[in-house]
$ cat my_file_16.txt   # compact mmCIF, C-alpha atoms
# COMPACT_ATOMS: atom_id res chain seq x y z
CA MET A 281 -12.30 -15.94 8.55
CA PRO A 282 -12.16 -12.77 6.41
CA ALA A 283 -9.21 -12.07 4.18
CA SER A 284 -6.51 -9.90 5.72
CA LYS A 285 -3.21 -8.24 4.88
CA LEU A 286 -0.38 -10.71 4.48
CA ARG A 287 3.24 -10.00 5.34
CA PHE A 288 5.94 -10.69 2.81
CA ASN A 289 9.67 -10.24 2.30
CA VAL A 290 11.35 -9.19 -0.91
CA ILE A 291 13.83 -12.02 -1.43
CA HIS A 292 15.08 -11.05 -4.89
CA VAL A 293 15.22 -7.93 -7.01
CA SER A 294 17.13 -7.24 -10.23
CA GLY A 295 18.39 -3.94 -8.86
CA GLU A 296 17.51 -1.03 -6.62
CA ASP A 297 18.28 2.62 -6.14
CA PRO A 298 20.30 3.12 -2.92
CA ASP A 299 17.77 5.72 -1.73
CA ASN A 300 14.80 3.47 -2.52
CA PRO A 301 15.68 -0.13 -1.61
CA ALA A 302 13.22 -2.99 -1.92
CA ARG A 303 12.89 -3.29 1.87
CA GLU A 304 10.82 -0.07 1.76
CA LEU A 305 7.96 -2.26 0.50
CA HIS A 306 7.82 -4.22 3.77
CA HIS A 307 5.93 -1.44 5.59
CA HIS A 308 3.06 0.85 4.64
CA SER A 309 2.79 4.44 5.84
CA PRO A 310 2.38 7.92 4.33
CA GLN A 311 6.18 8.33 4.67
CA THR A 312 6.96 5.14 2.71
CA ARG A 313 9.41 5.91 -0.11
CA GLY A 314 8.91 2.66 -1.98
CA TRP A 315 11.26 0.79 -4.30
CA GLN A 316 12.93 2.09 -7.44
CA CYS A 317 15.13 0.17 -9.82
CA SER A 318 18.70 1.27 -10.44
CA ARG A 319 19.41 4.14 -12.79
CA PHE A 320 19.44 3.34 -16.50
CA ALA A 321 18.47 -0.26 -15.73
CA LYS A 322 17.96 -2.85 -18.42
CA TYR A 323 14.42 -4.13 -18.78
CA PRO A 324 12.61 -6.18 -17.76
CA GLN A 325 13.31 -5.86 -14.04
CA GLU A 326 12.27 -8.65 -11.70
CA MET A 327 11.12 -8.80 -8.08
CA THR A 328 10.16 -11.82 -5.98
CA LEU A 329 8.07 -11.59 -2.80
CA GLN A 330 8.01 -14.48 -0.35
CA LEU A 331 4.87 -14.66 1.76
CA ALA A 332 5.46 -15.07 5.49
CA THR A 333 3.18 -18.10 5.32
CA PRO A 334 1.49 -19.94 2.43
CA ALA A 335 -1.85 -18.37 1.60
CA ASN A 336 -4.87 -18.30 -0.63
CA LEU A 337 -4.62 -14.91 -2.32
CA ALA A 338 -7.71 -12.77 -2.79
CA GLN A 339 -6.30 -9.43 -3.91
CA ILE A 340 -3.04 -7.79 -4.96
CA GLN A 341 -2.64 -4.00 -4.95
CA ILE A 342 0.19 -2.05 -6.54
CA LEU A 343 0.67 1.68 -6.00
CA ALA A 344 2.85 3.11 -8.77
CA HIS A 345 5.30 5.98 -8.50
CA GLU A 346 3.94 9.27 -9.83
CA TYR A 347 6.37 9.52 -12.75
CA LYS A 348 8.72 6.52 -12.62
CA ILE A 349 6.05 4.27 -14.08
CA ALA A 350 6.35 0.85 -15.64
CA SER A 351 4.42 0.48 -18.87
CA LYS A 352 3.43 -3.04 -17.86
CA ILE A 353 3.85 -5.36 -14.86
CA GLU A 354 3.51 -9.11 -15.30
CA MET A 355 2.33 -11.11 -12.31
CA TYR A 356 3.17 -14.69 -11.36
CA VAL A 357 2.47 -16.80 -8.29
CA GLY A 358 4.62 -19.69 -7.12
CA THR A 359 3.45 -22.74 -5.18
CA LEU A 360 5.29 -25.65 -3.62
CA ALA A 361 4.28 -29.29 -3.79
CA PRO A 362 3.20 -30.85 -0.46
CA GLY A 363 6.24 -31.61 1.68
CA GLU A 364 8.53 -29.40 -0.40
CA SER A 365 10.27 -26.45 1.31
CA ASP A 366 12.86 -25.29 -1.23
CA LEU A 367 11.51 -22.15 -2.92
CA ARG A 368 13.64 -22.94 -5.96
CA ALA A 369 11.22 -25.79 -6.59
CA CYS A 370 8.22 -23.45 -6.81
CA GLN A 371 5.95 -23.99 -9.77
CA LEU A 372 5.18 -20.62 -11.31
CA LYS A 373 1.81 -19.71 -12.80
CA ARG A 374 1.34 -16.56 -14.85
CA LEU A 375 -1.69 -14.55 -13.76
CA GLY A 376 -1.43 -11.96 -16.51
CA TYR A 377 -0.31 -8.35 -16.56
CA LEU A 378 -1.28 -4.83 -15.49
CA SER A 379 -0.90 -1.80 -17.72
CA PHE A 380 -0.23 1.62 -16.18
CA ASP A 381 -1.14 5.04 -17.49
CA THR A 382 1.53 7.58 -18.44
CA ASN A 383 0.05 9.88 -15.76
CA GLU A 384 0.46 12.95 -17.95
CA ALA A 385 -3.14 13.97 -17.26
CA SER A 386 -2.35 14.61 -13.57
CA ALA A 387 0.91 16.40 -14.42
CA PHE A 388 2.68 13.52 -12.63
CA LYS A 389 1.25 14.52 -9.23
CA ALA A 390 -1.13 11.63 -8.53
CA ARG A 391 -0.23 7.97 -8.13
CA GLU A 392 -2.11 5.19 -9.85
CA LEU A 393 -3.39 2.38 -7.66
CA LYS A 394 -4.19 -0.93 -9.34
CA SER A 395 -6.28 -3.47 -7.44
CA VAL A 396 -6.59 -6.98 -8.84
CA HIS A 397 -8.91 -9.65 -7.48
CA VAL A 398 -7.56 -13.18 -7.69
CA ASN A 399 -8.31 -16.57 -6.21
CA THR A 400 -5.17 -18.67 -6.09
CA PRO A 401 -2.81 -20.35 -3.62
CA ALA A 402 0.71 -18.98 -3.35
CA HIS A 403 4.00 -19.24 -1.51
CA LEU A 404 5.56 -16.38 -3.45
CA ILE A 405 4.70 -13.65 -5.95
CA ARG A 406 6.91 -12.62 -8.84
CA LEU A 407 6.56 -9.23 -10.55
CA ILE A 408 8.16 -8.48 -13.92
CA PHE A 409 8.50 -4.75 -14.68
CA HIS A 410 8.69 -3.79 -18.33
CA LYS A 411 10.19 -0.58 -19.69
CA CYS A 412 9.21 2.71 -18.15
CA HIS A 413 7.02 5.40 -19.62
CA VAL A 414 9.33 8.14 -20.88
CA ASN A 415 8.79 11.65 -19.51
CA LYS A 416 10.87 14.73 -18.72
CA LEU A 417 10.94 14.03 -14.96
CA ASN A 418 12.17 10.45 -15.22
CA ILE A 419 15.67 11.40 -16.31
CA TYR A 420 17.24 8.06 -15.34
CA ASN A 421 14.58 5.88 -17.03
CA GLN A 422 13.61 4.14 -13.79
CA VAL A 423 10.48 2.33 -12.65
CA GLY A 424 9.22 2.64 -9.10
CA VAL A 425 6.54 1.20 -6.84
CA ILE A 426 5.47 3.02 -3.69
CA ALA A 427 3.72 0.03 -2.14
CA VAL A 428 2.53 -3.51 -2.72
CA ASN A 429 -0.36 -4.88 -0.70
CA VAL A 430 -1.27 -8.58 -0.58
CA ILE A 431 -4.62 -9.68 0.84
CA GLY A 432 -5.70 -13.24 1.46
CA GLU A 433 -6.09 -16.06 3.97
CA ALA A 434 -3.05 -17.70 5.49
CA VAL A 435 -2.81 -21.48 5.23
CA SER A 436 -1.10 -23.53 7.95
CA VAL A 437 1.25 -26.41 7.28
CA SER A 438 -1.67 -28.77 7.84
CA GLY A 439 -3.58 -27.03 5.07
CA ARG A 440 -6.09 -25.33 7.35
CA VAL A 441 -7.09 -21.81 6.40
CA GLY A 442 -6.61 -19.15 9.05
CA GLY A 443 -6.32 -15.41 9.37
CA GLY A 444 -3.51 -13.38 7.91
CA VAL A 445 -0.28 -12.65 9.73
CA HIS A 446 -1.48 -9.19 10.67
CA ASN A 447 -4.27 -8.91 13.22
CA ALA A 448 -7.27 -8.87 10.92
CA LEU A 449 -10.46 -7.26 12.11
CA MET A 450 -12.16 -7.56 8.77
CA GLY A 451 -11.51 -7.69 5.07
CA GLY A 452 -12.54 -5.35 2.28
CA ALA A 453 -12.01 -1.64 2.77
CA ALA A 454 -10.24 -2.08 6.11
CA GLN A 455 -7.34 -3.86 4.43
CA ASP A 456 -7.11 -1.45 1.51
CA ILE A 457 -3.67 0.06 0.98
CA ALA A 458 -5.16 3.53 0.49
CA LEU A 459 -5.85 3.82 4.22
CA ASP A 460 -2.25 3.05 5.18
CA MET A 461 -0.75 5.34 2.55
CA ASN A 462 -2.85 8.42 3.37
CA VAL A 463 -3.48 8.23 7.12
CA ASP A 464 -1.04 8.00 10.03
CA VAL A 465 -0.57 4.58 11.62
CA ALA A 466 -2.37 5.26 14.91
CA THR A 467 -5.42 6.77 13.22
CA ALA A 468 -5.55 3.94 10.67
CA GLN A 469 -5.76 1.43 13.52
CA LYS A 470 -8.61 3.39 15.12
CA ILE A 471 -10.45 3.60 11.80
CA ARG A 472 -10.20 -0.17 11.35
CA GLN A 473 -11.67 -0.71 14.81
CA ILE A 474 -14.63 1.53 13.97
CA MET A 475 -15.04 -0.19 10.59
CA LEU A 476 -15.55 -3.45 12.45
CA LEU A 477 -18.18 -1.85 14.68
CA LYS A 478 -19.91 -0.39 11.64
CA GLU A 479 -20.00 -3.79 9.95
CA GLN A 480 -21.49 -5.32 13.08
CA ALA A 481 -24.13 -2.58 13.21
CA VAL A 482 -25.10 -3.28 9.60
CA GLU A 483 -25.39 -7.01 10.33
CA GLN A 484 -27.71 -6.16 13.24
CA GLU A 485 -29.66 -3.76 10.96
CA ASN A 486 -28.88 -0.91 13.34
CA TYR A 487 -28.56 1.62 10.53
CA ASP A 488 -28.62 4.73 12.72
CA GLU A 489 -25.53 3.44 14.52
CA ALA A 490 -23.91 2.46 11.22
CA LYS A 491 -24.51 5.99 9.91
CA ARG A 492 -22.98 7.51 13.05
CA LEU A 493 -19.93 5.28 12.81
CA LYS A 494 -19.50 6.08 9.12
CA ALA A 495 -19.44 9.78 9.99
CA SER A 496 -16.80 9.09 12.62
CA ILE A 497 -14.70 7.21 10.08
CA ASP A 498 -14.93 10.08 7.59
CA LYS A 499 -13.84 12.58 10.26
CA LEU A 500 -10.96 10.38 11.36
CA LYS A 501 -9.77 10.03 7.78
CA THR A 502 -9.63 13.80 7.43
CA VAL A 503 -7.71 14.19 10.70
CA GLY A 504 -5.46 11.24 9.86
CA MET A 505 -4.49 12.80 6.54
CA LYS A 506 -3.62 16.05 8.31
CA ILE A 507 -1.55 14.19 10.92
CA ALA A 508 0.31 12.33 8.17
CA GLN A 509 1.18 15.64 6.49
CA LEU A 510 2.31 17.15 9.80
CA GLU A 511 4.44 14.08 10.53
CA ALA A 512 6.15 14.46 7.16
CA GLN A 513 6.84 18.14 7.93
CA LYS A 514 8.13 17.22 11.40
CA ASN A 515 10.49 14.59 9.98
CA LEU A 516 11.79 17.12 7.47
CA ALA A 517 12.38 19.67 10.22
CA VAL A 518 14.29 17.09 12.27
CA SER A 519 16.44 16.18 9.26
CA LYS A 520 17.34 19.88 8.98
CA GLU A 521 17.95 20.07 12.77
CA ASP A 522 15.19 22.66 13.05
CA TYR A 523 14.04 21.40 16.43
CA ASP A 524 11.92 24.43 17.31
CA THR A 525 9.71 23.78 14.30
CA ALA A 526 9.68 20.04 15.04
CA LYS A 527 8.50 20.75 18.61
CA ILE A 528 5.64 22.93 17.37
CA LEU A 529 4.59 20.30 14.83
CA LYS A 530 4.70 17.57 17.46
CA LYS A 531 2.38 19.59 19.67
CA ASP A 532 -0.04 20.06 16.76
CA ILE A 533 0.04 16.30 16.09
CA ASP A 534 -0.59 15.46 19.75
CA ASN A 535 -3.55 17.85 19.83
CA LEU A 536 -5.07 16.25 16.75
CA ARG A 537 -4.58 12.78 18.20
CA SER A 538 -6.26 13.55 21.47
CA GLY A 539 -9.63 11.93 22.00
CA GLY A 540 -11.34 15.25 22.63
CA GLN A 541 -10.10 16.64 19.32
CA TYR A 542 -11.47 13.62 17.45
CA ALA A 543 -14.87 14.14 19.03
CA ALA A 544 -15.04 17.85 18.21
CA ILE A 545 -13.42 18.27 14.81
CA GLY A 546 -16.66 19.48 13.23
CA ASP A 547 -17.05 20.69 9.67
CA ASN A 548 -14.37 23.37 9.84
CA VAL A 549 -11.52 20.89 9.34
CA PRO A 550 -10.13 21.30 5.81
CA VAL A 551 -10.32 18.35 3.45
CA TYR A 552 -6.97 16.88 2.43
CA GLN A 553 -6.87 15.01 -0.84
CA PRO A 554 -5.14 11.61 -1.06
CA LEU A 555 -2.01 11.32 -3.17
CA TYR A 556 -3.13 8.36 -5.22
CA VAL A 557 -5.64 7.71 -7.98
CA ASP A 558 -7.52 4.45 -7.55
CA THR A 559 -8.37 3.24 -11.03
CA GLY A 560 -10.84 0.78 -9.61
CA PRO A 561 -10.80 -2.94 -8.92
CA GLU A 562 -10.10 -5.45 -11.64
CA GLU A 563 -11.38 -9.01 -11.62
CA GLY A 564 -8.02 -10.30 -12.78
CA PRO A 565 -4.88 -9.24 -14.62
CA SER A 566 -5.01 -8.86 -18.37
CA GLY A 567 -3.45 -11.21 -20.82
CA ARG A 568 -3.66 -14.80 -19.70
$ encode --input "my_file_16.txt" --output "structure tokens"
Amino acid sequence: MPASKLRFNVIHVSGEDPDNPARELHHHSPQTRGWQCSRFAKYPQEMTLQLATPANLAQIQILAHEYKIASKIEMYVGTLAPGESDLRACQLKRLGYLSFDTNEASAFKARELKSVHVNTPAHLIRLIFHKCHVNKLNIYNQVGVIAVNVIGEAVSVSGRVGGGVHNALMGGAAQDIALDMNVDVATAQKIRQIMLLKEQAVEQENYDEAKRLKASIDKLKTVGMKIAQLEAQKNLAVSKEDYDTAKILKKDIDNLRSGGQYAAIGDNVPVYQPLYVDTGPEEGPSGR
């Protein structure tokens, strides 16, 4: 069974900004605001994630805020002894730490995505956020995380390994957080379905079909990014009670989502750049 996205709940956090509570990390979408610590917080800040079910972790992804950036994030996993259910009895193991760039080079417009490959059992994950990078935009000296993605294989009470809590079509790129954060939910689901078909075509050495499906995925990503931007504009219009604009944007979104539009988008659709910078996978956190 391939690794898949695992659900979790934030069960403890040192503090949070009222506009960016920790529960924002429970769902991934282009409109996700993410978590931010309280203003002028004392460091380090701590966050604990409880997995919906015990799992063997394969990858952890953290998407940092564009300017409220922690200089370093330590990572721990907690496991329970067989028969134990009290999370307070978890034995913590330090995986290491991740260092984040100041982001000055992008003028604080991009977001850094860190992907760490691990191989460890876990019931919970603990993140320790060290002091923020100082810059002129971060006037309250906060740290923020837009999203956390956990990938692995769920383990039943009997110890058997099964799929993740989410319906998992496949692992790898299909579970990557970048897809959820840049493409609308409906299009992301369609892309994952086509990714599965492409993988099957490759296994059958049907490379013409794999090439065709890859082209479809690329087109859907472009359309999905546009839909995500239009949805953000629509939500803003609704918040301002500008319902005429919201109606127009909804019609544009519906047109883009239609099956005929997907089939005929062609090369004249503009390319929309993602709002993150993937710094590449790491085999494991630094600093054992």
$ closest_residue --input "my_file_16.txt" --among "A:Ala385, A:Leu331, A:Leu404, A:Leu459" --to "Asp498 in chain A" --atoms "only C-alpha atoms"
A:Leu459
$ residues_near_point --input "my_file_16.txt" --point "(13.5, 1.7, 0.5)" --cutoff "8 Å" --atoms "all atoms listed in the file" --output "PyMOL selection string"
chain A and resi 298-305+312-316
$ atom_distance --input "my_file_16.txt" --atom1 "CA of Val293 in chain A" --atom2 "CA of Lys352 in chain A"
16.8 Å
$ closest_residue --input "my_file_16.txt" --among "A:Lys389, A:Lys285, A:Arg537, A:His410" --to "Ala321 in chain A" --atoms "all atoms listed in the file"
A:His410
$ residues_around --input "my_file_16.txt" --residues "range 422-433 of chain A" --least-positions-apart "4" --cutoff "8 Å" --atoms "all atoms listed in the file" --output "JSON, numbers by chain"
{"A": [281, 282, 283, 284, 285, 286, 287, 305, 308, 312, 313, 314, 315, 316, 317, 318, 319, 320, 321, 335, 336, 337, 338, 339, 340, 341, 342, 343, 344, 345, 348, 349, 350, 409, 411, 412, 418, 441, 442, 443, 444, 455, 456, 457]}
$ closest_residue --input "my_file_16.txt" --among "A:Ser395, A:Ser351, A:Asn486, A:Thr328" --to "Leu367 in chain A" --atoms "all atoms listed in the file"
A:Thr328
$ residues_around --input "my_file_16.txt" --residues "range 461-469 of chain A" --least-positions-apart "2" --cutoff "7 Å" --atoms "only C-alpha atoms" --output "number ranges by chain"
A: 308-310, 457-459, 471-473, 500-501, 504-505, 507-508, 554
$ atom_distance --input "my_file_16.txt" --atom1 "CA of Leu375 in chain A" --atom2 "CA of Pro362 in chain A"
21.6 Å
$ atom_distance --input "my_file_16.txt" --atom1 "CA of Val290 in chain A" --atom2 "CA of Ser365 in chain A"
17.4 Å
